[in-house]
Every structure is written in C-alpha cells, then in structure tokens.
Amino acid sequence: MHRHSSNQAGSPQWCHTLGIIGCSWAMVFASGGFQVKLYDIVEEQTTKALEKIDKQLKELEKTGMLKGSLKADQQLALISTSTDLKAAVEGAVYIQECTPENLELKKKIFGQLDNIASNDIIISSSTSTLLPTKLFTGLKHVKQCIVAHPVNPPYFVPLVELVPHPQTDPSTVDKTYALMKKIGQCPVKLLREIDGFALNRLQYAIISEAWRLVGDGVISPNDLDLVMSEGLGMRYAFMGPLETMHLNAEGI
C-alpha cells in the first residue's frame, strides 16, 4: 500500500475497529492520498464500514465538502479491509487504534500489536481518557507508542492531541505530528500526560461552571448556552483564551 502521489511513495495507515471514529479516521487518511487498511474481527462490520464510508464520501462530494484533491471514488479505492490482524498491519508504518474506552480491551489489542509490530511502525491510540502509561507501559515497542486523540468527528474537526508515554521516543512525536499536518489535521503536543489531556480539561472547566451558574439560579439553561454560542464560542472559534487576553490587555 502506498500514498497516492505521482512522484512520492507514501505509507499505508491502519485503523482498528469500525465505529464513527474509526471510519472518520479512514476518510481523513484517504483524503490525504494514503492507502488505509481497516481491521475488525467481524467481517460484517468491515463490510458495513465500507458501505458507510462510500455513502458519506459521495454525499460530501455532492455538497462540495469533500476533503483532499482526489474524487470520492478515488478515495474509496484507497480503503480496504481485513479480519486478520497480522495481515492488516503488514507493511504499515502507522496504526490508529479506535476501540471503545475499555482499558483491558485496549491493552489486549496493544499486546497483540506489540508481538507483530516492526521496529519503525508508530502505534497510536484514539483514547480520550486513558493515559499512555496505562496503555503502553511494559510493551517492547513503547518508544513507538503515542496517544493521538481526535475531536469527534475527526473529518470535520481538525484538532488532534498528541500525548506521549514517558518512554515515547521524540521522533515518534515528530513523525506523528508531521503525518497529522500532511492529512490536514491540526496537531498539538502535550509535553507530558495528564488526566483529561488539554481539551477535556478546558471543556470540563466550562461545563462545571455552567452547572454552577444554572444551579445557583444565576441564569437559565437557554441563556447560558447563548453566552457560549453567541459570545465566547464565536470568539474562541478563531482565537484562544491566551491570545484573547493578550489582545484585550497587552502585557498580561
């Protein structure tokens, strides 16, 4: 499998399990011209996933929202499936795990991958809650492991949080960062792991204060949502809180 390019060979990507996140990741990689292998232990799931992706790509093309320079049928042709784990990862240089947020399930998968992975493949998880030390500690290929947490759905929201294990090699972070940029995502690097990563910590801080304001009778739920959708949300859609403070009061 190779990246679709007239003059530059690329590398295959591999996505595990075929829910919303897995299918969306597959579409993102295909939009960047990469060949993708989808894996699930149930063949019916892989068939349904391809049908879903085919339908979504055609709808996106019809509405002018298809990402990338390739047509929908060209992108779909880059995506194939497998129910054999070893065959699925053969020749791949990047793996994006997308199983449910179940620690034991994920550890089982990473244990299986650890036994068949090459020494240069990047093994990544889409987890939004589980720390890299919980997922990757003890693996032979821990230096090649990283969390690449997308915002759902990755096809429309570009942010990807890159969270390394303490033993993750810096080159793994750099290569994953470069790959995310290449497929049109917006990666950010966390310098160390922390519960909730960055996005959810900010999100939960807002949610907690929203509950307090409504619970204390300060504002109605509807008006609270308007504060965000018609105020802060519009500002923060293109400018972060630190940049906002800088522009509002230079020197802070």
# chains A, B, ... in the order shown; residues from 1 in each chain; ligands from 1
>>> closest_atom_pairs(of="stretch 94-211 of chain A", to="stretch 61-84 of chain A", cutoff="9 Å", atoms="only C-alpha atoms", output="Markdown table")
| residue | atom | partner | partner_atom | distance |
| --- | --- | --- | --- | --- |
| A:Tyr155 | CA | A:Lys67 | CA | 8.3 |
| A:Ile183 | CA | A:Gly68 | CA | 8.4 |
| A:Gly184 | CA | A:Gly68 | CA | 8.5 |
>>> residues_around(residues="A:Phe110", least_positions_apart="3", cutoff="8 Å", atoms="only C-alpha atoms", output="JSON, numbers by chain")
{"A": [106, 107, 113, 114, 135, 136, 139]}
>>> atom_distance(atom1="atom CA of A:Lys86", atom2="atom CA of A:Asn119")
14.8 Å
>>> closest_atom_pairs(of="stretch 38-126 of chain A", to="stretch 166-171 of chain A", cutoff="12 Å", atoms="only C-alpha atoms", output="CSV")
residue,atom,partner,partner_atom,distance
A:Asp120,CA,A:Ser171,CA,10.4
A:Ile121,CA,A:Ser171,CA,11.5
A:Ile122,CA,A:Ser171,CA,10.0
A:Ile123,CA,A:Thr168,CA,10.5
A:Ser124,CA,A:Thr168,CA,11.1
>>> select_by_dssp(residues="stretch 1-245 of chain A", states="strand (DSSP E or B)", output="JSON, numbers by chain")
{"A": [13, 14, 15, 16, 36, 37, 38, 39, 79, 80, 81, 82, 94, 95, 96, 97, 122, 123, 124, 125, 145, 146, 147, 148, 149, 150, 159, 160, 161, 162, 163, 164, 186, 187, 188, 189]}
>>> residues_around(residues="A:Phe156", least_positions_apart="2", cutoff="10 Å", atoms="only C-alpha atoms", output="PyMOL selection string")
chain A and resi 24+28+65+67+151-154+158-159+185
>>> write_last_selection(atoms="C-alpha atoms", output="short mmCIF file (atom, residue, chain, number, x, y, z; two decimals), in the first residue's frame")
data_model
loop_
_atom_site.label_atom_id
_atom_site.label_comp_id
_atom_site.auth_asym_id
_atom_site.auth_seq_id
_atom_site.Cartn_x
_atom_site.Cartn_y
_atom_site.Cartn_z
CA SER A 24 -13.81 9.02 10.12
CA VAL A 28 -9.21 11.57 6.72
CA MET A 65 -17.34 19.37 1.28
CA LYS A 67 -11.53 16.94 1.61
CA VAL A 151 -12.09 15.57 18.35
CA ASN A 152 -15.23 13.79 17.18
CA PRO A 153 -15.69 13.67 14.25
CA PRO A 154 -12.07 13.98 13.02
CA PRO A 158 -9.03 19.09 12.79
CA LEU A 159 -7.56 19.16 16.31
CA GLN A 185 -5.35 17.90 10.81
#
>>> atom_distance(atom1="atom CA of A:Pro164", atom2="atom CA of A:Asn200")
16.7 Å
>>> atom_distance(atom1="atom CA of A:Met27", atom2="atom CA of A:Leu191")
28.4 Å
>>> closest_residue(among="A:Lys189, A:Val42, A:Tyr177, A:Gln144", to="A:Val163", atoms="only C-alpha atoms")
A:Lys189
>>> select_by_dssp(residues="stretch 150-252 of chain A", states="alpha helix (DSSP H)", output="MDAnalysis selection string")
chainID A and resid 170:182 199:215 221:227 233:236 241:248
>>> residues_around(residues="A:Leu199", least_positions_apart="6", cutoff="10 Å", atoms="only C-alpha atoms", output="tab-separated table (two decimals) with all heavy atoms, in the first residue's frame")
chain	number	residue	atom	x	y	z
A	128	SER	N	-9.64	9.07	24.58
A	128	SER	CA	-9.87	10.43	25.07
A	128	SER	C	-9.69	10.51	26.58
A	128	SER	O	-9.70	11.61	27.14
A	128	SER	CB	-11.29	10.88	24.71
A	128	SER	OG	-12.25	10.02	25.32
A	149	HIS	N	-5.30	11.78	20.14
A	149	HIS	CA	-6.72	11.93	20.47
A	149	HIS	C	-7.39	12.94	19.55
A	149	HIS	O	-7.06	14.12	19.57
A	149	HIS	CB	-6.86	12.38	21.94
A	149	HIS	CG	-8.25	12.80	22.28
A	149	HIS	ND1	-8.53	13.99	22.93
A	149	HIS	CD2	-9.45	12.19	22.07
A	149	HIS	CE1	-9.84	14.09	23.09
A	149	HIS	NE2	-10.40	13.01	22.58
A	150	PRO	N	-8.34	12.47	18.73
A	150	PRO	CA	-9.06	13.38	17.84
A	150	PRO	C	-10.27	14.00	18.53
A	150	PRO	O	-10.67	13.56	19.61
A	150	PRO	CB	-9.51	12.45	16.72
A	150	PRO	CG	-9.84	11.17	17.46
A	150	PRO	CD	-8.80	11.08	18.56
A	151	VAL	N	-10.82	15.02	17.90
A	151	VAL	CA	-12.09	15.57	18.35
A	151	VAL	C	-13.16	15.01	17.41
A	151	VAL	O	-13.01	15.05	16.20
A	151	VAL	CB	-12.10	17.10	18.30
A	151	VAL	CG1	-13.40	17.66	18.86
A	151	VAL	CG2	-10.92	17.66	19.09
A	159	LEU	N	-8.48	19.28	15.18
A	159	LEU	CA	-7.56	19.16	16.31
A	159	LEU	C	-7.25	17.70	16.67
A	159	LEU	O	-8.14	16.86	16.70
A	159	LEU	CB	-8.14	19.84	17.55
A	159	LEU	CG	-7.20	19.86	18.76
A	159	LEU	CD1	-6.09	20.87	18.57
A	159	LEU	CD2	-7.96	20.13	20.05
A	160	VAL	N	-5.97	17.42	16.91
A	160	VAL	CA	-5.53	16.12	17.41
A	160	VAL	C	-4.53	16.37	18.53
A	160	VAL	O	-3.51	17.04	18.33
A	160	VAL	CB	-4.85	15.28	16.30
A	160	VAL	CG1	-4.43	13.92	16.86
A	160	VAL	CG2	-5.78	15.09	15.11
A	161	GLU	N	-4.82	15.83	19.72
A	161	GLU	CA	-3.91	15.97	20.86
A	161	GLU	C	-2.91	14.82	20.84
A	161	GLU	O	-3.30	13.65	20.86
A	161	GLU	CB	-4.69	15.93	22.17
A	161	GLU	CG	-5.62	17.11	22.37
A	161	GLU	CD	-6.34	17.04	23.71
A	161	GLU	OE1	-7.20	16.14	23.87
A	161	GLU	OE2	-6.03	17.85	24.60
>>> residues_around(residues="A:Glu209", least_positions_apart="5", cutoff="12 Å", atoms="only C-alpha atoms", output="PDB file with N, CA, C and O atoms, in the first residue's frame")
ATOM      1  N   LEU A 202     -10.184  21.728  29.646  1.00  0.00           N
ATOM      2  CA  LEU A 202     -10.806  23.022  29.362  1.00  0.00           C
ATOM      3  C   LEU A 202     -12.319  22.877  29.242  1.00  0.00           C
ATOM      4  O   LEU A 202     -13.090  23.685  29.773  1.00  0.00           O
ATOM      5  N   GLN A 203     -12.740  21.822  28.545  1.00  0.00           N
ATOM      6  CA  GLN A 203     -14.168  21.602  28.339  1.00  0.00           C
ATOM      7  C   GLN A 203     -14.896  21.369  29.656  1.00  0.00           C
ATOM      8  O   GLN A 203     -15.974  21.946  29.901  1.00  0.00           O
ATOM      9  N   TYR A 204     -14.317  20.546  30.530  1.00  0.00           N
ATOM     10  CA  TYR A 204     -14.974  20.242  31.803  1.00  0.00           C
ATOM     11  C   TYR A 204     -14.981  21.432  32.742  1.00  0.00           C
ATOM     12  O   TYR A 204     -15.898  21.585  33.555  1.00  0.00           O
ATOM     13  N   VAL A 214     -26.188  27.822  36.498  1.00  0.00           N
ATOM     14  CA  VAL A 214     -27.597  27.434  36.358  1.00  0.00           C
ATOM     15  C   VAL A 214     -28.143  26.930  37.683  1.00  0.00           C
ATOM     16  O   VAL A 214     -29.250  27.296  38.105  1.00  0.00           O
ATOM     17  N   GLY A 215     -27.373  26.098  38.380  1.00  0.00           N
ATOM     18  CA  GLY A 215     -27.816  25.541  39.663  1.00  0.00           C
ATOM     19  C   GLY A 215     -28.024  26.588  40.737  1.00  0.00           C
ATOM     20  O   GLY A 215     -28.900  26.446  41.598  1.00  0.00           O
ATOM     21  N   ASP A 216     -27.237  27.648  40.693  1.00  0.00           N
ATOM     22  CA  ASP A 216     -27.369  28.719  41.687  1.00  0.00           C
ATOM     23  C   ASP A 216     -28.415  29.749  41.298  1.00  0.00           C
ATOM     24  O   ASP A 216     -28.579  30.770  41.991  1.00  0.00           O
ATOM     25  N   VAL A 218     -28.482  31.749  38.726  1.00  0.00           N
ATOM     26  CA  VAL A 218     -27.929  32.987  38.168  1.00  0.00           C
ATOM     27  C   VAL A 218     -28.434  33.233  36.752  1.00  0.00           C
ATOM     28  O   VAL A 218     -28.663  34.378  36.351  1.00  0.00           O
ATOM     29  N   ILE A 219     -28.650  32.153  36.009  1.00  0.00           N
ATOM     30  CA  ILE A 219     -29.025  32.275  34.605  1.00  0.00           C
ATOM     31  C   ILE A 219     -29.770  31.010  34.187  1.00  0.00           C
ATOM     32  O   ILE A 219     -29.570  29.937  34.770  1.00  0.00           O
ATOM     33  N   LEU A 224     -27.655  30.479  29.238  1.00  0.00           N
ATOM     34  CA  LEU A 224     -26.272  30.047  29.454  1.00  0.00           C
ATOM     35  C   LEU A 224     -25.666  29.546  28.138  1.00  0.00           C
ATOM     36  O   LEU A 224     -24.532  29.885  27.781  1.00  0.00           O
TER      37      LEU A 224
END
>>> residues_around(residues="A:Leu213", least_positions_apart="5", cutoff="12 Å", atoms="only C-alpha atoms", output="PyMOL selection string")
chain A and resi 206-208+218-225+227
